[in-house]
Amino acid sequence: MQKIPGRTLKFCGIAQYTQVQQWLHPRSSTKWYKCHSSLRSQSRSTCRLLRYLANNSRGNEINDAAASPSRFRIISDCWEDRGARICQKYQNRYYFATMYDKTNRIPIYSAYVYNPEPGDRSEEWMIEPQLVRSDYDSNMISEKDTSIPIEDIKPSQATTYDYGEAPYYVDKGHLNPVVHQSDDASKAATFTLTNIVPQYNRLNRGPWVTYETETMAQKQAQYGCTQIYVLVGAVPGPSSIAGGRVNYPSNMWSAACCVIGRNRRRSWGILASNNPKLPPAVTEYTLGGLEKQLATLYGKRRIDLFHGSCY
């Protein structure tokens, strides 16, 4: 087993957990990585959730009783009470994790395992009942099929109506993209509106999708990655759409941790301006370089995306 010094993953002080030395071990018990669906409970760490997802990439059902919330505690020094920790659940199966800003009505970041395969693209947008009320179903559900009134949904999350009122240059931009998922169900799960931000359409359809579809595959082949863990986030900006309901991010970013066998890792990141007045472009950084850029953008002294575990 490869031991990891200290804590395994930390994003801007959101979560602090006890030392986990097993998350890269291929035979470690999955009970460490179960994801509890209730937002009222202490959420699982992203790294442990990602390891769970890797162990259960075919979408096995989850036994929530195996969760161990006592192993870590939540710290809210970045977004105070804005952040809703969502274990993204579709048809009773978990697929990825999202930290969601209910005030700005955009995701702060989504975390997932890179596992691209061909498959159909869903066009059915979904909402999160659990954000409306904590005792509602933790499965995402089609916005058009839900019995929850739209006026009850709107206070906690964005809706398709918000994006229908957006300027012509705004796309619904995925953080966890369809093309990085392995089958129809995992691809459909990315169509929750809690995984979507207003994205400049020329960026979304140009350099950003090129990175998603071409650069990631090239990196995997170049380094021989056996597993890639990904964080994709959006930096809240000074403007908004839908009459101020949904924040328009100033920047978008992505960070990748590439595991090469047991003892080697490579990492990289990208940053892009979401400004429709600028030419669309993606800039590649080392992981440390991206963290420095994000610290400036978020106004933090330091940001450590993988807590020193992937340099």
# chains A, B, ... in the order shown; residues from 1 in each chain; ligands from 1
call {"tool": "residues_around", "arguments": {"residues": "Val178 (chain A)", "least_positions_apart": "5", "cutoff": "12 Å", "atoms": "only C-alpha atoms", "output": "mmCIF file with N, CA and C atoms, in the first residue's frame"}}
result
data_model
loop_
_atom_site.group_PDB
_atom_site.id
_atom_site.type_symbol
_atom_site.label_atom_id
_atom_site.label_comp_id
_atom_site.auth_asym_id
_atom_site.auth_seq_id
_atom_site.Cartn_x
_atom_site.Cartn_y
_atom_site.Cartn_z
ATOM 1 N N TYR A 95 -22.900 8.890 -8.591
ATOM 2 C CA TYR A 95 -21.977 9.004 -9.710
ATOM 3 C C TYR A 95 -20.851 10.009 -9.509
ATOM 4 N N TYR A 112 -15.067 14.024 -9.842
ATOM 5 C CA TYR A 112 -15.448 12.763 -10.470
ATOM 6 C C TYR A 112 -14.221 11.998 -10.933
ATOM 7 N N TYR A 114 -12.448 10.270 -14.145
ATOM 8 C CA TYR A 114 -12.428 10.325 -15.616
ATOM 9 C C TYR A 114 -12.550 8.907 -16.173
ATOM 10 N N ASN A 115 -13.619 8.667 -16.938
ATOM 11 C CA ASN A 115 -13.857 7.328 -17.481
ATOM 12 C C ASN A 115 -14.658 7.433 -18.773
ATOM 13 N N PRO A 116 -14.075 8.033 -19.821
ATOM 14 C CA PRO A 116 -14.847 8.328 -21.034
ATOM 15 C C PRO A 116 -15.145 7.092 -21.876
ATOM 16 N N GLU A 117 -16.386 6.976 -22.286
ATOM 17 C CA GLU A 117 -16.830 5.921 -23.200
ATOM 18 C C GLU A 117 -17.922 6.500 -24.086
ATOM 19 N N PRO A 118 -18.141 5.914 -25.267
ATOM 20 C CA PRO A 118 -19.238 6.377 -26.126
ATOM 21 C C PRO A 118 -20.589 6.155 -25.447
ATOM 22 N N GLY A 119 -21.550 6.963 -25.818
ATOM 23 C CA GLY A 119 -22.890 6.810 -25.258
ATOM 24 C C GLY A 119 -23.796 7.935 -25.700
ATOM 25 N N ASP A 120 -25.072 7.768 -25.421
ATOM 26 C CA ASP A 120 -26.058 8.768 -25.815
ATOM 27 C C ASP A 120 -26.028 9.968 -24.882
ATOM 28 N N ARG A 121 -26.347 11.116 -25.425
ATOM 29 C CA ARG A 121 -26.410 12.361 -24.666
ATOM 30 C C ARG A 121 -27.853 12.643 -24.281
ATOM 31 N N SER A 122 -28.104 12.801 -23.004
ATOM 32 C CA SER A 122 -29.445 13.125 -22.528
ATOM 33 C C SER A 122 -29.724 14.604 -22.739
ATOM 34 N N GLU A 123 -30.976 14.929 -22.909
ATOM 35 C CA GLU A 123 -31.380 16.338 -22.960
ATOM 36 C C GLU A 123 -32.447 16.617 -21.919
ATOM 37 N N GLY A 173 -23.172 25.217 -19.203
ATOM 38 C CA GLY A 173 -21.859 24.584 -19.203
ATOM 39 C C GLY A 173 -21.706 23.550 -18.104
ATOM 40 N N ASP A 183 -21.257 5.473 -19.373
ATOM 41 C CA ASP A 183 -22.447 4.816 -19.906
ATOM 42 C C ASP A 183 -23.610 5.801 -19.901
ATOM 43 N N ASP A 184 -24.756 5.348 -20.396
ATOM 44 C CA ASP A 184 -25.895 6.254 -20.542
ATOM 45 C C ASP A 184 -26.351 6.817 -19.203
ATOM 46 N N ALA A 185 -26.340 6.002 -18.151
ATOM 47 C CA ALA A 185 -26.813 6.469 -16.849
ATOM 48 C C ALA A 185 -25.866 7.514 -16.257
ATOM 49 N N SER A 186 -24.556 7.247 -16.310
ATOM 50 C CA SER A 186 -23.608 8.215 -15.750
ATOM 51 C C SER A 186 -23.593 9.502 -16.557
ATOM 52 N N LYS A 187 -23.808 9.394 -17.866
ATOM 53 C CA LYS A 187 -23.902 10.588 -18.701
ATOM 54 C C LYS A 187 -25.163 11.383 -18.365
ATOM 55 N N ALA A 188 -26.274 10.682 -18.174
ATOM 56 C CA ALA A 188 -27.535 11.353 -17.827
ATOM 57 C C ALA A 188 -27.415 12.085 -16.493
ATOM 58 N N ALA A 189 -26.667 11.498 -15.557
ATOM 59 C CA ALA A 189 -26.529 12.101 -14.230
ATOM 60 C C ALA A 189 -25.845 13.457 -14.271
ATOM 61 N N THR A 190 -25.058 13.724 -15.308
ATOM 62 C CA THR A 190 -24.393 15.033 -15.407
ATOM 63 C C THR A 190 -25.372 16.149 -15.769
ATOM 64 N N PHE A 191 -26.592 15.786 -16.134
ATOM 65 C CA PHE A 191 -27.575 16.786 -16.547
ATOM 66 C C PHE A 191 -28.404 17.326 -15.386
ATOM 67 N N THR A 192 -27.896 17.191 -14.179
ATOM 68 C CA THR A 192 -28.500 17.933 -13.076
ATOM 69 C C THR A 192 -28.074 19.387 -13.184
ATOM 70 N N ASN A 195 -24.943 20.846 -11.614
ATOM 71 C CA ASN A 195 -23.640 20.605 -12.233
ATOM 72 C C ASN A 195 -23.381 21.587 -13.378
ATOM 73 N N ILE A 196 -24.200 22.630 -13.472
ATOM 74 C CA ILE A 196 -24.211 23.534 -14.629
ATOM 75 C C ILE A 196 -23.937 24.965 -14.198
ATOM 76 N N VAL A 209 -14.161 22.492 -24.801
ATOM 77 C CA VAL A 209 -14.505 21.131 -25.239
ATOM 78 C C VAL A 209 -13.299 20.441 -25.868
ATOM 79 N N GLU A 212 -11.543 18.997 -22.974
ATOM 80 C CA GLU A 212 -12.273 17.838 -22.452
ATOM 81 C C GLU A 212 -12.094 16.598 -23.319
ATOM 82 N N THR A 213 -12.180 16.775 -24.625
ATOM 83 C CA THR A 213 -12.223 15.624 -25.519
ATOM 84 C C THR A 213 -10.856 15.199 -26.050
#
call {"tool": "select_by_dssp", "arguments": {"residues": "region 158-282 of chain A", "states": "strand (DSSP E)", "output": "number ranges by chain"}}
result
A: 170-174, 196-200, 227-235, 239-241, 246-248, 251-260, 264-273
call {"tool": "write_last_selection", "arguments": {"atoms": "C-alpha atoms", "output": "PDB file, in the first residue's frame"}}
result
ATOM      1  CA  VAL A 170     -24.644  31.826 -22.604  1.00  0.00           C
ATOM      2  CA  ASP A 171     -24.541  28.020 -22.727  1.00  0.00           C
ATOM      3  CA  LYS A 172     -25.430  25.586 -19.985  1.00  0.00           C
ATOM      4  CA  GLY A 173     -21.859  24.584 -19.203  1.00  0.00           C
ATOM      5  CA  HIS A 174     -21.186  21.238 -17.527  1.00  0.00           C
ATOM      6  CA  ILE A 196     -24.211  23.534 -14.629  1.00  0.00           C
ATOM      7  CA  VAL A 197     -22.953  27.113 -14.833  1.00  0.00           C
ATOM      8  CA  PRO A 198     -23.589  29.923 -17.329  1.00  0.00           C
ATOM      9  CA  GLN A 199     -20.649  29.518 -19.704  1.00  0.00           C
ATOM     10  CA  TYR A 200     -19.571  31.694 -22.603  1.00  0.00           C
ATOM     11  CA  GLN A 227      -6.877   6.468 -13.006  1.00  0.00           C
ATOM     12  CA  ILE A 228      -7.556  10.196 -13.246  1.00  0.00           C
ATOM     13  CA  TYR A 229      -9.340  12.109 -10.493  1.00  0.00           C
ATOM     14  CA  VAL A 230     -10.804  15.432 -11.622  1.00  0.00           C
ATOM     15  CA  LEU A 231     -12.024  18.614  -9.965  1.00  0.00           C
ATOM     16  CA  VAL A 232     -13.778  21.220 -12.132  1.00  0.00           C
ATOM     17  CA  GLY A 233     -14.879  24.531 -10.682  1.00  0.00           C
ATOM     18  CA  ALA A 234     -16.219  27.996 -11.375  1.00  0.00           C
ATOM     19  CA  VAL A 235     -15.191  31.288  -9.779  1.00  0.00           C
ATOM     20  CA  SER A 239     -22.561  39.737 -12.939  1.00  0.00           C
ATOM     21  CA  SER A 240     -25.525  37.409 -13.217  1.00  0.00           C
ATOM     22  CA  ILE A 241     -28.326  36.157 -15.461  1.00  0.00           C
ATOM     23  CA  VAL A 246     -27.854  32.929 -11.215  1.00  0.00           C
ATOM     24  CA  ASN A 247     -24.264  34.113 -10.943  1.00  0.00           C
ATOM     25  CA  TYR A 248     -22.226  34.388 -14.151  1.00  0.00           C
ATOM     26  CA  ASN A 251     -13.476  32.074 -14.606  1.00  0.00           C
ATOM     27  CA  MET A 252     -13.611  28.304 -14.968  1.00  0.00           C
ATOM     28  CA  TRP A 253     -10.913  25.827 -14.000  1.00  0.00           C
ATOM     29  CA  SER A 254     -10.100  22.146 -13.953  1.00  0.00           C
ATOM     30  CA  ALA A 255      -7.496  20.103 -12.058  1.00  0.00           C
ATOM     31  CA  ALA A 256      -6.491  16.501 -12.716  1.00  0.00           C
ATOM     32  CA  CYS A 257      -4.604  13.972 -10.601  1.00  0.00           C
ATOM     33  CA  CYS A 258      -3.221  11.135 -12.724  1.00  0.00           C
ATOM     34  CA  VAL A 259      -2.333   7.910 -10.921  1.00  0.00           C
ATOM     35  CA  ILE A 260       0.398   5.864 -12.592  1.00  0.00           C
ATOM     36  CA  ARG A 264       3.698   7.662  -9.238  1.00  0.00           C
ATOM     37  CA  ARG A 265       1.387  10.569  -9.987  1.00  0.00           C
ATOM     38  CA  ARG A 266       1.238  13.439 -12.418  1.00  0.00           C
ATOM     39  CA  SER A 267      -1.008  16.458 -12.261  1.00  0.00           C
ATOM     40  CA  TRP A 268      -2.041  19.440 -14.327  1.00  0.00           C
ATOM     41  CA  GLY A 269      -4.686  22.106 -14.468  1.00  0.00           C
ATOM     42  CA  ILE A 270      -6.324  24.666 -16.721  1.00  0.00           C
ATOM     43  CA  LEU A 271      -7.887  28.082 -16.235  1.00  0.00           C
ATOM     44  CA  ALA A 272     -10.132  30.028 -18.593  1.00  0.00           C
ATOM     45  CA  SER A 273     -11.739  33.435 -18.533  1.00  0.00           C
TER      46      SER A 273
END
call {"tool": "closest_residue", "arguments": {"among": "A:Gly206, A:Ser182, A:Ala281, A:Val113", "to": "Ala97 (chain A)", "atoms": "only C-alpha atoms"}}
result
A:Val113
call {"tool": "select_by_dssp", "arguments": {"residues": "region 107-296 of chain A", "states": "helix (DSSP H, G or I)", "output": "PyMOL selection string"}}
result
chain A and resi 129-132+150-153+160-164+178-180+184-189+193-195+201-204+207-223+287-296
call {"tool": "closest_residue", "arguments": {"among": "A:Ile150, A:Ile106, A:Val179, A:Ile303", "to": "Tyr211 (chain A)", "atoms": "only C-alpha atoms"}}
result
A:Val179
call {"tool": "closest_residue", "arguments": {"among": "A:Gly237, A:Ala242, A:Asn204, A:Pro276", "to": "Tyr298 (chain A)", "atoms": "only C-alpha atoms"}}
result
A:Gly237
call {"tool": "atom_distance", "arguments": {"atom1": "CA of Gly243 (chain A)", "atom2": "CA of Tyr169 (chain A)"}}
result
16.0 Å
call {"tool": "atom_distance", "arguments": {"atom1": "CA of Val132 (chain A)", "atom2": "CA of His180 (chain A)"}}
result
28.4 Å
call {"tool": "atom_distance", "arguments": {"atom1": "CA of Pro107 (chain A)", "atom2": "CA of Arg301 (chain A)"}}
result
21.9 Å
